[in-house]
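K.L.:
File name work_1.cif; file contents mmCIF, C-alpha atoms; full text below.
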```
data_structure
#
loop_
_atom_site.label_atom_id
_atom_site.label_comp_id
_atom_site.auth_asym_id
_atom_site.auth_seq_id
_atom_site.Cartn_x
_atom_site.Cartn_y
_atom_site.Cartn_z
CA MET A 1 -34.51 -76.88 27.39
CA SER A 2 -31.46 -78.95 28.32
CA LEU A 3 -28.40 -78.29 26.18
CA GLN A 4 -27.59 -81.30 23.97
CA ILE A 5 -24.20 -81.79 22.33
CA ASN A 6 -23.39 -85.00 20.48
CA SER A 7 -20.20 -86.99 21.04
CA GLY A 8 -18.71 -86.08 17.67
CA ASP A 9 -19.38 -82.32 17.91
CA ARG A 10 -16.57 -79.80 18.27
CA VAL A 11 -17.21 -76.93 20.68
CA LEU A 12 -15.47 -73.55 20.78
CA ILE A 13 -15.60 -71.28 23.84
CA VAL A 14 -14.72 -67.70 22.90
CA ALA A 15 -13.27 -65.87 25.92
CA PRO A 16 -12.37 -62.16 25.84
CA HIS A 17 -10.09 -62.65 28.90
CA PRO A 18 -8.60 -65.56 30.82
CA ASP A 19 -11.31 -66.54 33.40
CA ASP A 20 -14.41 -65.65 31.32
CA GLU A 21 -14.53 -69.18 29.93
CA SER A 22 -14.54 -70.77 33.40
CA ILE A 23 -17.07 -68.36 34.91
CA GLY A 24 -19.49 -68.62 31.99
CA CYS A 25 -18.93 -72.13 30.63
CA GLY A 26 -16.98 -74.06 33.25
CA GLY A 27 -19.73 -76.65 33.63
CA LEU A 28 -20.03 -77.03 29.86
CA MET A 29 -16.30 -77.66 29.53
CA LEU A 30 -16.30 -80.15 32.39
CA LYS A 31 -19.16 -82.10 30.85
CA TYR A 32 -17.84 -82.18 27.29
CA GLY A 33 -14.11 -82.18 28.08
CA ASN A 34 -11.85 -82.76 25.12
CA GLN A 35 -14.61 -81.87 22.64
CA CYS A 36 -14.08 -78.25 23.72
CA GLU A 37 -11.47 -75.73 22.65
CA ILE A 38 -10.90 -72.21 23.95
CA LEU A 39 -10.28 -69.12 21.83
CA LEU A 40 -8.73 -66.44 24.06
CA LEU A 41 -9.01 -63.02 22.43
CA THR A 42 -6.94 -60.69 24.64
CA ASP A 43 -3.81 -61.05 26.75
CA GLY A 44 -5.46 -59.87 29.99
CA ARG A 45 -2.72 -57.38 30.82
CA LYS A 46 -5.15 -54.81 32.29
CA GLY A 47 -6.67 -57.19 34.83
CA TYR A 48 -5.51 -55.44 37.99
CA ASP A 49 -6.39 -52.61 40.33
CA SER A 50 -4.68 -49.46 39.02
CA ARG A 51 -3.87 -48.49 42.61
CA VAL A 52 -1.58 -51.53 42.88
CA PRO A 53 1.73 -51.32 40.96
CA THR A 54 1.73 -54.22 38.49
CA ASP A 55 4.14 -55.56 35.88
CA GLU A 56 1.75 -56.03 32.96
CA ASP A 57 4.05 -58.34 30.99
CA ALA A 58 4.39 -60.60 34.02
CA LEU A 59 0.62 -60.54 34.47
CA VAL A 60 0.11 -61.69 30.86
CA ILE A 61 2.26 -64.74 31.58
CA GLN A 62 0.55 -65.43 34.90
CA ARG A 63 -2.96 -65.26 33.44
CA ALA A 64 -2.02 -67.56 30.56
CA GLN A 65 -0.73 -70.08 33.10
CA GLU A 66 -3.93 -69.74 35.13
CA LEU A 67 -5.98 -70.43 32.00
CA GLN A 68 -3.92 -73.53 31.22
CA ARG A 69 -4.44 -74.87 34.76
CA ALA A 70 -8.19 -74.21 34.62
CA ALA A 71 -8.46 -75.88 31.21
CA ALA A 72 -6.52 -78.91 32.45
CA ILE A 73 -9.15 -79.50 35.16
CA ALA A 74 -11.70 -79.91 32.35
CA ASP A 75 -9.31 -82.04 30.23
CA ILE A 76 -9.09 -79.36 27.56
CA ASN A 77 -5.76 -79.31 25.75
CA ARG A 78 -6.44 -76.96 22.84
CA ILE A 79 -6.22 -73.26 23.63
CA HIS A 80 -5.89 -70.66 20.88
CA MET A 81 -4.51 -67.29 21.99
CA LEU A 82 -4.80 -64.25 19.73
CA GLY A 83 -2.84 -61.99 22.10
CA ILE A 84 -4.82 -58.81 21.42
CA PRO A 85 -3.85 -56.15 24.00
CA ASP A 86 -6.43 -56.07 26.78
CA CYS A 87 -9.16 -53.41 26.40
CA THR A 88 -8.41 -52.88 22.68
CA LEU A 89 -10.52 -55.60 21.06
CA ALA A 90 -12.59 -53.09 19.08
CA GLU A 91 -9.39 -51.85 17.44
CA HIS A 92 -8.19 -55.32 16.41
CA THR A 93 -11.27 -57.11 15.10
CA GLU A 94 -9.36 -58.06 11.94
CA LEU A 95 -7.22 -60.43 14.03
CA VAL A 96 -10.33 -62.29 15.17
CA SER A 97 -11.37 -62.76 11.54
CA THR A 98 -8.12 -64.64 10.85
CA PHE A 99 -9.31 -67.49 13.10
CA ASP A 100 -11.09 -70.36 11.32
CA PHE A 101 -14.55 -70.90 12.85
CA THR A 102 -15.68 -73.46 10.26
CA PRO A 103 -14.64 -76.71 12.04
CA TYR A 104 -17.03 -76.20 14.97
CA GLN A 105 -20.61 -77.34 15.47
CA PHE A 106 -21.12 -75.17 18.58
CA ILE A 107 -19.65 -71.75 19.46
CA PHE A 108 -20.22 -70.00 22.80
CA VAL A 109 -19.68 -66.24 23.15
CA PRO A 110 -20.26 -63.67 25.94
CA ASN A 111 -23.75 -62.22 25.76
CA ARG A 112 -24.48 -58.92 24.04
CA TYR A 113 -25.57 -57.27 27.31
CA GLU A 114 -22.11 -57.45 28.89
CA ARG A 115 -20.79 -53.99 29.75
CA HIS A 116 -17.04 -54.57 29.47
CA LYS A 117 -15.82 -53.15 26.17
CA ASP A 118 -13.99 -56.38 25.34
CA HIS A 119 -17.14 -58.43 26.03
CA ALA A 120 -20.01 -56.49 24.48
CA PRO A 121 -18.93 -56.63 20.80
CA VAL A 122 -17.90 -60.30 20.70
CA SER A 123 -21.30 -61.82 19.96
CA LYS A 124 -22.02 -59.70 16.86
CA LEU A 125 -18.39 -59.90 15.76
CA VAL A 126 -18.31 -63.70 15.82
CA GLN A 127 -21.71 -63.90 14.10
CA SER A 128 -20.44 -61.62 11.33
CA ILE A 129 -17.21 -63.59 10.85
CA CYS A 130 -19.08 -66.91 10.80
CA LYS A 131 -21.34 -65.52 8.10
CA GLN A 132 -18.34 -64.39 6.04
CA GLN A 133 -16.65 -67.77 6.47
CA ARG A 134 -19.93 -69.64 5.85
CA ALA A 135 -19.46 -71.45 9.15
CA ASN A 136 -22.50 -73.51 10.15
CA ALA A 137 -22.00 -73.58 13.91
CA GLU A 138 -24.85 -73.11 16.34
CA ILE A 139 -23.99 -69.95 18.32
CA TYR A 140 -24.95 -69.45 21.97
CA GLU A 141 -24.39 -66.54 24.36
CA TYR A 142 -23.26 -67.13 27.94
CA GLU A 143 -23.18 -65.11 31.16
CA VAL A 144 -20.15 -63.57 32.88
CA TRP A 145 -20.88 -60.20 34.46
CA SER A 146 -24.32 -59.49 33.04
CA PRO A 147 -27.21 -61.98 33.36
CA LEU A 148 -29.16 -62.79 30.22
CA PRO A 149 -32.68 -61.28 30.20
CA SER A 150 -33.90 -64.53 28.62
CA PHE A 151 -32.31 -67.85 27.72
CA SER A 152 -33.04 -70.95 25.67
CA ASP A 153 -30.91 -73.72 27.16
CA VAL A 154 -29.93 -74.94 30.61
CA LEU A 155 -27.04 -77.10 31.80
CA ASP A 156 -27.57 -78.80 35.17
CA LEU A 157 -24.36 -78.51 37.22
CA GLU A 158 -25.11 -81.44 39.51
CA GLY A 159 -21.78 -83.13 40.25
CA LEU A 160 -19.88 -80.37 38.42
CA MET A 161 -20.12 -77.25 40.59
CA GLU A 162 -17.22 -77.91 42.94
CA ARG A 163 -14.90 -78.66 40.03
CA LYS A 164 -16.13 -75.55 38.25
CA LEU A 165 -15.28 -73.46 41.30
CA GLU A 166 -11.86 -75.13 41.35
CA MET A 167 -11.37 -73.86 37.80
CA VAL A 168 -12.32 -70.35 38.88
CA ARG A 169 -9.94 -70.59 41.87
CA GLN A 170 -7.01 -70.93 39.48
CA TYR A 171 -7.32 -67.21 38.74
CA GLN A 172 -5.60 -65.94 41.86
CA SER A 173 -4.40 -62.85 39.98
CA GLN A 174 -8.04 -61.78 39.72
CA ILE A 175 -9.53 -63.18 42.92
CA ARG A 176 -7.23 -60.98 44.98
CA PHE A 177 -9.20 -57.97 43.72
CA LEU A 178 -12.68 -59.47 43.51
CA ASP A 179 -14.26 -62.68 44.84
CA TYR A 180 -14.93 -64.40 41.50
CA GLU A 181 -15.64 -67.67 43.26
CA ALA A 182 -18.50 -66.26 45.32
CA MET A 183 -19.90 -64.41 42.32
CA THR A 184 -19.87 -67.53 40.17
CA GLU A 185 -21.45 -69.65 42.88
CA ALA A 186 -24.19 -67.07 43.44
CA LEU A 187 -25.05 -66.76 39.74
CA ASN A 188 -25.21 -70.52 39.20
CA ARG A 189 -27.24 -71.04 42.37
CA TYR A 190 -29.70 -68.38 41.21
CA ARG A 191 -30.01 -70.00 37.79
CA GLY A 192 -30.41 -73.40 39.38
CA ALA A 193 -33.17 -72.25 41.70
CA GLY A 194 -35.20 -71.02 38.75
CA GLN A 195 -34.94 -74.46 37.14
CA LYS A 196 -35.57 -76.52 40.33
CA ARG A 197 -31.93 -77.54 40.42
CA LYS A 198 -29.19 -76.66 42.88
CA TYR A 199 -26.88 -75.08 40.31
CA ALA A 200 -27.13 -74.41 36.58
CA GLU A 201 -25.57 -72.53 33.68
CA VAL A 202 -27.84 -70.95 31.08
CA TYR A 203 -27.26 -69.95 27.47
CA ALA A 204 -29.18 -68.03 24.81
CA TYR A 205 -29.34 -69.55 21.34
CA ILE A 206 -28.89 -67.12 18.44
CA PRO A 207 -31.27 -68.23 15.67
CA LYS A 208 -29.93 -68.39 12.14
CA VAL A 209 -31.65 -66.36 9.42
CA SER A 210 -34.46 -68.51 8.03
CA THR A 211 -34.60 -69.53 4.37
CA ALA A 212 -37.83 -67.54 3.96
CA LYS A 213 -36.19 -64.43 5.35
CA LYS A 214 -33.18 -64.90 3.07
CA LEU A 215 -35.48 -65.10 0.05
CA TYR A 216 -37.44 -62.04 1.22
CA GLN A 217 -34.24 -60.04 1.59
CA LYS A 218 -33.40 -60.78 -2.07
CA ILE A 219 -36.60 -59.11 -3.27
CA PRO A 220 -35.92 -55.55 -4.59
CA ALA A 221 -36.65 -52.86 -1.99
CA PRO A 222 -39.57 -51.22 -3.93
CA VAL A 223 -41.29 -54.61 -4.23
CA ARG A 224 -40.77 -55.33 -0.51
CA LYS A 225 -42.32 -51.96 0.28
CA GLY A 226 -45.37 -52.81 -1.83
CA LEU A 227 -45.72 -56.20 -0.13
CA ARG A 228 -45.66 -54.53 3.29
CA LYS A 229 -48.47 -52.15 2.19
CA ILE A 230 -50.58 -55.07 0.92
CA ARG A 231 -49.97 -56.95 4.14
CA GLY A 232 -51.19 -53.90 6.07
CA ILE A 233 -54.40 -53.70 4.02
CA VAL A 234 -55.11 -57.42 4.46
CA ARG A 235 -54.75 -57.05 8.20
#
```
Please rewrite the model in this file as structure tokens.
P.N.:
Amino acid sequence: MSLQINSGDRVLIVAPHPDDESIGCGGLMLKYGNQCEILLLTDGRKGYDSRVPTDEDALVIQRAQELQRAAAIADINRIHMLGIPDCTLAEHTELVSTFDFTPYQFIFVPNRYERHKDHAPVSKLVQSICKQQRANAEIYEYEVWSPLPSFSDVLDLEGLMERKLEMVRQYQSQIRFLDYEAMTEALNRYRGAGQKRKYAEVYAYIPKVSTAKKLYQKIPAPVRKGLRKIRGIVR
């Protein structure tokens, strides 16, 4: 299914670190431009090889500047930075809950299968906060380091891939340790091949709890247990 976003929709890309948004949703941001905003969770201060002496405070500034340059390529001018110390997201989830998710129609988060400890909890965390805030956004998971085992929506990157790679190239602080550009190109080429396209991004839609399920959950536990037994007999 091709991802469809209407002209009046507001889109939020939730990025644990500066660069995740471009790797996972660069094409999306290029296509929908100023409808998109970025929520950066951490300051990225740990994004370096420990064998190389690094001034972490200077790196925080550099990575913020890289993010701003990447966002400018996609005509995005709204970036929200929470400034959580890198690799400590699990200890500062309350800061994420201070952000207002209610204005958005679409929210994109790293997928639950990501292994980095600042990536893996984001999907469930944002879902929980949206529920608390009664936000009605459609939530999708995207790929950074870990491919999705299944997906619901596809974005064709025809005419967008070179500009997406230009966004990724802004992150020279990271590319010097690992070839993010090649990795991004390979992932999007692989996804494109599976959809008979040259390049593509894919996303997994997170279904909302159905009205029927909500009503079922309100039934007292003993009654639910009895209903399950009856259902088993009928089968």
K.L.:
Within 12 Å of Glu181 of chain A, counting only C-alpha atoms, which residues qualify if same-chain residues fewer than 2 places away don't, as a list in words?
P.N.:
Asp19, Ser22, Ile23, Gly24, Gly26, Met161, Glu162, Arg163, Lys164, Leu165, Glu166, Met167, Val168, Arg169, Gln170, Tyr171, Gln172, Gln174, Ile175, Arg176, Phe177, Leu178, Asp179, Met183, Thr184, Glu185, Ala186, Leu187 and Asn188 of chain A
K.L.:
Could you pull the residues within 7 Å of Arg189 of chain A, counting all atoms listed in the file, minus those fewer than 6 positions along the same chain, as a compact mmCIF listing (two decimals) with C-alpha atoms, in the coordinates of the input?
P.N.:
```txt
# COMPACT_ATOMS: atom_id res chain seq x y z
CA LYS A 198 -29.19 -76.66 42.88
CA TYR A 199 -26.88 -75.08 40.31
CA ALA A 200 -27.13 -74.41 36.58
```
K.L.:
Here's the selection I'm unsure about, the PyMOL selection byres ((chain A and resi 82-95) around 9); applied to the file above, which residues does it give, as a list in words?
P.N.:
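With the shown file as input, the PyMOL selection byres ((chain A and resi 82-95) around 9) matches Pro16, His17, Leu39, Leu40, Leu41, Thr42, Asp43, Gly44, Arg45, Lys46, Gly47, His80, Met81, Val96, Ser97, Thr98, Phe99, His116, Lys117, Asp118, His119, Pro121, Val122 and Leu125 of chain A.
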K.L.:
My list of candidates is A:Tyr32, A:Trp145, A:Phe151, A:Phe106. Which is closest to Gln195 of chain A when distances are computed with only C-alpha atoms?
P.N.:
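Of the candidates, the smallest distance to Gln195 of chain A is held by A:Phe151.
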K.L.:
Atom CA of Ser150 of chain A to atom CA of Tyr190 of chain A: how many Å, to one decimal?
P.N.:
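That distance, rounded to one decimal, is 13.8 Å.
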K.L.:
Calculated over only C-alpha atoms, which of the candidates A:Gly159, A:Pro110, A:Pro103, A:Gly27 has the smallest distance to Ala15 of chain A?
P.N.:
A:Pro110
K.L.:
When the PyMOL selection byres ((chain A and resi 9) around 8) is applied to the structure above, which residues does it catch, written out as a list in words?
P.N.:
Ile5, Asn6, Ser7, Gly8, Arg10, Val11, Gln35, Tyr104, Gln105 and Phe106 of chain A
K.L.:
Just the number, please: distance in Å from atom CA of Ile129 of chain A to atom CA of Pro220 of chain A, one decimal.
P.N.:
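Taking atom CA of Ile129 of chain A and atom CA of Pro220 of chain A, their separation equals 25.6 Å.
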K.L.:
What is the atom CA of Leu59 of chain A to atom CA of Ile38 of chain A distance in Å?
P.N.:
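According to the coordinates, atom CA of Leu59 of chain A and atom CA of Ile38 of chain A are separated by 19.5 Å.
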K.L.:
Counting all atoms listed in the file, figure out which residue out of A:Ser2, A:Val14, A:Ile139, A:Arg197 gets nearest to Glu158 of chain A.
P.N.:
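Smallest separation from Glu158 of chain A among the options: A:Arg197.
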K.L.:
Near Leu155 of chain A, counting all atoms listed in the file, which residues have an atom at most 7 Å away, once you skip same-chain residues fewer than 2 positions from it, shown as a list of chain:residue names?
P.N.:
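That gives A:Ser2, A:Leu3, A:Asp153, A:Leu157, A:Ala200, A:Glu201, A:Val202.
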